[in-house]
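Text of target_36.cif, listed as mmCIF, C-alpha atoms:
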```cif
data_data
loop_
_atom_site.label_atom_id
_atom_site.label_comp_id
_atom_site.auth_asym_id
_atom_site.auth_seq_id
_atom_site.Cartn_x
_atom_site.Cartn_y
_atom_site.Cartn_z
CA ARG A 1 -11.71 -22.44 -71.57
CA PRO A 2 -8.14 -21.60 -72.57
CA PRO A 3 -7.63 -18.51 -74.76
CA ARG A 4 -7.90 -18.99 -78.50
CA GLN A 5 -4.48 -18.64 -80.10
CA ASP A 6 -5.28 -20.31 -83.40
CA ARG A 7 -7.14 -17.37 -84.92
CA ALA A 8 -5.78 -15.19 -87.70
CA TRP A 9 -3.94 -11.94 -87.02
CA VAL A 10 -6.25 -8.92 -86.63
CA SER A 11 -5.47 -6.20 -89.16
CA ALA A 12 -5.71 -2.53 -88.22
CA ALA A 13 -8.47 -2.10 -90.81
CA GLU A 14 -10.48 -4.92 -89.21
CA TRP A 15 -9.90 -3.56 -85.70
CA PHE A 16 -11.03 -0.03 -86.49
CA ALA A 17 -13.98 -1.24 -88.58
CA GLY A 18 -15.26 -3.02 -85.47
CA GLY A 19 -15.42 0.15 -83.40
CA GLN A 20 -16.93 3.59 -83.68
CA ARG A 21 -15.95 7.24 -83.47
CA ILE A 22 -18.09 8.93 -80.82
CA PRO A 23 -18.67 12.70 -80.71
CA TYR A 24 -17.17 13.97 -77.46
CA ASP A 25 -16.99 17.41 -75.86
CA PRO A 26 -13.91 17.62 -73.64
CA GLY A 27 -15.11 20.98 -72.27
CA SER A 28 -18.28 19.56 -70.71
CA ALA A 29 -16.93 15.99 -70.44
CA ARG A 30 -19.87 14.33 -72.18
CA THR A 31 -20.72 12.42 -75.32
CA LEU A 32 -22.74 14.29 -77.93
CA THR A 33 -25.29 13.55 -80.59
CA GLU A 34 -24.30 14.33 -84.18
CA GLU A 35 -26.37 17.53 -84.06
CA GLN A 36 -24.79 18.64 -80.79
CA ALA A 37 -21.31 17.91 -82.14
CA ALA A 38 -21.93 20.07 -85.21
CA ALA A 39 -22.91 22.97 -82.93
CA THR A 40 -20.14 22.51 -80.34
CA PRO A 41 -16.81 24.26 -80.91
CA GLY A 42 -13.96 21.97 -79.88
CA ALA A 43 -15.99 18.77 -80.17
CA LEU A 44 -13.87 15.75 -81.03
CA ARG A 45 -14.46 12.27 -82.31
CA VAL A 46 -12.85 9.60 -80.20
CA PHE A 47 -12.60 5.97 -81.17
CA GLU A 48 -13.87 3.21 -78.95
CA ARG A 49 -14.43 -0.46 -79.43
CA VAL A 50 -16.89 -2.45 -77.35
CA ALA A 51 -16.96 -6.23 -77.31
CA GLY A 52 -19.31 -8.62 -75.58
CA ALA A 53 -21.66 -5.97 -74.19
CA GLY A 54 -25.05 -7.32 -73.26
CA LEU A 55 -28.06 -6.08 -71.42
CA ASP A 56 -27.00 -7.18 -67.93
CA PRO A 57 -26.02 -3.96 -66.13
CA ASP A 58 -24.41 -5.88 -63.26
CA ARG A 59 -21.76 -7.56 -65.39
CA VAL A 60 -18.21 -6.56 -64.58
CA TRP A 61 -16.64 -4.81 -67.56
CA LEU A 62 -13.03 -5.05 -68.60
CA THR A 63 -11.64 -1.63 -69.57
CA LEU A 64 -8.45 -1.78 -71.62
CA LEU A 65 -6.48 1.46 -71.86
CA PRO A 66 -3.89 1.80 -74.62
CA GLY A 67 -0.22 2.52 -74.71
CA PHE A 68 1.92 4.52 -77.07
CA PRO A 69 2.28 4.49 -80.02
CA ASP A 70 -0.21 1.83 -81.10
CA GLY A 71 -3.32 2.95 -79.17
CA SER A 72 -6.25 0.57 -78.86
CA TYR A 73 -4.95 -1.52 -81.75
CA GLY A 74 -2.30 -2.76 -79.32
CA TRP A 75 -5.07 -4.81 -77.69
CA ALA A 76 -6.37 -6.33 -80.96
CA GLN A 77 -4.52 -9.62 -80.68
CA VAL A 78 -5.36 -9.88 -76.96
CA ASP A 79 -9.04 -9.35 -77.74
CA ARG A 80 -8.96 -12.08 -80.36
CA MET A 81 -7.44 -14.48 -77.83
CA LEU A 82 -10.00 -13.60 -75.13
CA GLY A 83 -12.89 -14.80 -77.26
CA ASP A 84 -16.54 -13.89 -77.01
CA ASP A 85 -17.52 -15.40 -73.65
CA LEU A 86 -15.49 -13.16 -71.36
CA GLY A 87 -18.07 -10.42 -70.94
CA PRO A 88 -18.18 -6.75 -71.85
CA ARG A 89 -14.94 -5.07 -72.82
CA LEU A 90 -14.27 -1.41 -73.55
CA TYR A 91 -11.23 -0.36 -75.53
CA VAL A 92 -10.61 3.37 -75.22
CA GLU A 93 -8.70 5.48 -77.72
CA SER A 94 -7.64 8.84 -76.33
CA ALA A 95 -7.57 12.00 -78.40
CA GLY A 96 -4.36 12.04 -80.40
CA GLN A 97 -4.17 8.28 -80.92
CA GLY A 98 -5.29 5.74 -83.49
CA ASP A 99 -8.60 6.61 -85.13
CA SER A 100 -9.41 9.43 -82.68
CA ASP A 101 -9.07 13.08 -83.68
CA LYS A 102 -5.65 14.62 -83.28
CA PRO A 103 -6.28 18.31 -82.59
CA ARG A 104 -3.48 20.87 -82.47
CA ASP A 105 -3.03 22.96 -79.34
CA TYR A 106 -5.06 20.48 -77.31
CA PRO A 107 -4.48 20.16 -73.54
CA TYR A 108 -3.36 16.51 -73.60
CA SER A 109 -2.97 15.23 -70.03
CA SER A 110 -3.63 12.30 -67.75
CA VAL A 111 -6.56 14.22 -66.24
CA GLU A 112 -8.06 14.76 -69.71
CA ARG A 113 -7.69 11.04 -70.46
CA ALA A 114 -9.33 10.13 -67.14
CA ASN A 115 -12.23 12.44 -68.00
CA LEU A 116 -12.73 10.68 -71.33
CA ILE A 117 -12.70 7.25 -69.70
CA GLU A 118 -15.33 8.34 -67.17
CA VAL A 119 -17.47 9.76 -69.99
CA LEU A 120 -17.34 6.45 -71.86
CA TRP A 121 -18.16 4.52 -68.68
CA ARG A 122 -21.25 6.71 -68.18
CA HIS A 123 -22.15 6.37 -71.85
CA HIS A 124 -22.17 2.56 -71.54
CA ARG A 125 -23.63 2.53 -68.01
CA VAL A 126 -20.62 0.68 -66.63
CA ARG A 127 -21.15 -0.02 -62.92
CA ARG A 128 -18.12 -2.16 -62.16
CA THR A 129 -14.92 -2.62 -64.10
CA VAL A 130 -11.51 -4.17 -64.02
CA ALA A 131 -9.04 -1.79 -65.65
CA VAL A 132 -5.96 -2.89 -67.59
CA THR A 133 -3.46 -0.27 -68.70
CA PHE A 134 -0.40 -0.26 -70.83
CA ASP A 135 2.27 2.41 -70.70
CA TYR A 136 1.33 6.02 -70.01
CA THR A 137 -2.42 5.43 -69.51
CA SER A 138 -1.44 4.00 -66.12
CA LEU A 139 -1.31 7.64 -65.01
CA ALA A 140 -4.92 8.16 -66.11
CA LEU A 141 -5.90 5.06 -64.16
CA LEU A 142 -4.18 6.39 -61.05
CA GLU A 143 -6.22 9.59 -61.46
CA LEU A 144 -9.41 7.51 -61.72
CA LEU A 145 -8.49 5.59 -58.58
CA ARG A 146 -7.85 8.87 -56.75
CA ARG A 147 -11.30 10.11 -57.80
CA GLN A 148 -12.89 6.87 -56.67
CA LEU A 149 -11.31 7.17 -53.23
CA GLU A 150 -12.46 10.77 -52.90
CA ARG A 151 -16.05 9.91 -53.92
CA ARG A 152 -16.54 7.21 -51.35
CA PRO A 153 -14.50 4.99 -49.08
CA PRO A 154 -14.06 1.50 -50.61
CA GLU A 155 -16.03 -0.13 -47.80
CA ARG A 156 -19.08 1.97 -48.76
CA ALA A 157 -18.78 1.58 -52.53
CA THR A 158 -21.76 -0.05 -54.22
CA THR A 159 -22.47 -1.25 -57.73
CA HIS A 160 -25.41 1.17 -57.91
CA ASP A 161 -23.44 4.32 -57.05
CA THR A 162 -24.08 6.95 -59.73
CA ALA A 163 -20.81 8.83 -59.14
CA GLY A 164 -18.96 6.39 -61.34
CA PRO A 165 -18.23 2.72 -61.63
CA VAL A 166 -16.42 0.83 -58.96
CA ILE A 167 -12.96 -0.14 -60.18
CA THR A 168 -12.72 -3.61 -58.68
CA ALA A 169 -9.20 -4.49 -59.80
CA VAL A 170 -6.36 -3.09 -61.87
CA PHE A 171 -3.47 -4.48 -63.85
CA MET A 172 -0.81 -2.05 -65.05
CA VAL A 173 1.67 -3.19 -67.68
CA ASN A 174 4.82 -1.11 -68.16
CA GLY A 175 3.32 1.67 -66.04
#
```

What's the structure tokens form of this structure?
Amino acid sequence: RPPRQDRAWVSAAEWFAGGQRIPYDPGSARTLTEEQAAATPGALRVFERVAGAGLDPDRVWLTLLPGFPDGSYGWAQVDRMLGDDLGPRLYVESAGQGDSDKPRDYPYSSVERANLIEVLWRHHRVRRTVAVTFDYTSLALLELLRRQLERRPPERATTHDTAGPVITAVFMVNG
């Protein structure tokens, strides 16, 4: 079916209400429970939005990585046009953007962003994904591709590999 373009504009309040802030420890690169977050110095809350996730672990996810300055909200209108039948989608909000924490003296980097993306993939048990980037998160995607190549040659990659999901395709906009 063609994308839906007749739907109303998505407000920032609506977009952020449809996601969640997940406790995240950048030091250990893992998500935390609320109790763990309270006891972990440096724990952050990062915003994510998941759409269309079901119980089929073999579905190919679509990971959308934000640009600057709008963060994940930059994908709000795209998400509305994609509709509900596309499959699972993960919208990542890095530390310092949108509804994620904005700590001072934080080591912001493409490597740090790649770590967060991998943590969220593990959290959601993503096995295969197509990644779409806008702007500077293209550098984080390049880091993820480098890691994928170092983990296993593409000809040996499987959907059941526990080292991380297989990035099956990428689309970089303004990268």

_Here's the selection I'm unsure about, the PyMOL selection byres ((chain A and resi 28) around 12); applied to the file above, which residues does it give, as a PyMOL selection string?_
chain A and resi 24-27+29-32+37+40-44+112+115-116+119

Per residue of segment 109-171 of chain A within 8 Å of segment 64-74 of chain A, what are the shortest atom pair and its distance in Å to one decimal, counting all atoms listed in the file, with rows by chain and residue number, as JSON lines?
```
{"residue": "A:Ala131", "atom": "CA", "partner": "A:Leu64", "partner_atom": "CA", "distance": 6.0}
{"residue": "A:Val132", "atom": "CA", "partner": "A:Leu64", "partner_atom": "CA", "distance": 4.9}
{"residue": "A:Thr133", "atom": "CA", "partner": "A:Leu65", "partner_atom": "CA", "distance": 4.7}
{"residue": "A:Phe134", "atom": "CA", "partner": "A:Gly67", "partner_atom": "CA", "distance": 4.8}
{"residue": "A:Asp135", "atom": "CA", "partner": "A:Gly67", "partner_atom": "CA", "distance": 4.7}
{"residue": "A:Tyr136", "atom": "CA", "partner": "A:Gly67", "partner_atom": "CA", "distance": 6.1}
{"residue": "A:Thr137", "atom": "CA", "partner": "A:Leu65", "partner_atom": "CA", "distance": 6.1}
```

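The coordinates place atom CA of Val10 of chain A at 24.3 Å from atom CA of Ile117 of chain A.
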
_Nearest to Asp79 of chain A by atom-to-atom distance, counting all atoms listed in the file, from A:Ser138, A:Thr63, A:Ser94, A:Ser110_ =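 So, comparing all the options, the nearest one is A:Thr63.
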
*Do you know which residues are at most 8 Å from Asp99 of chain A counting all atoms listed in the file, after dropping those on the same chain fewer than 3 positions away, and could you put them as a PyMOL selection string?*
chain A and resi 16+21+46-47+93

*Which residue gives the smallest distance to Leu145 of chain A among A:Val92, A:Arg127, A:Gln77, A:Glu118, with only C-alpha atoms counted?*
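Using only C-alpha atoms, the shortest distance to Leu145 of chain A belongs to A:Glu118.
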
*Spell out the residues picked by the PyMOL selection byres ((chain A and resi 50) around 8) here, as a list in words.*
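For this structure, the PyMOL selection byres ((chain A and resi 50) around 8) resolves to Gly19, Glu48, Arg49, Ala51, Gly52, Ala53, Pro88, Arg89, Leu90 and Tyr91 of chain A.
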
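Across the structure, atom CA of Ala13 of chain A and atom CA of Gly54 of chain A are spaced 24.7 Å apart.
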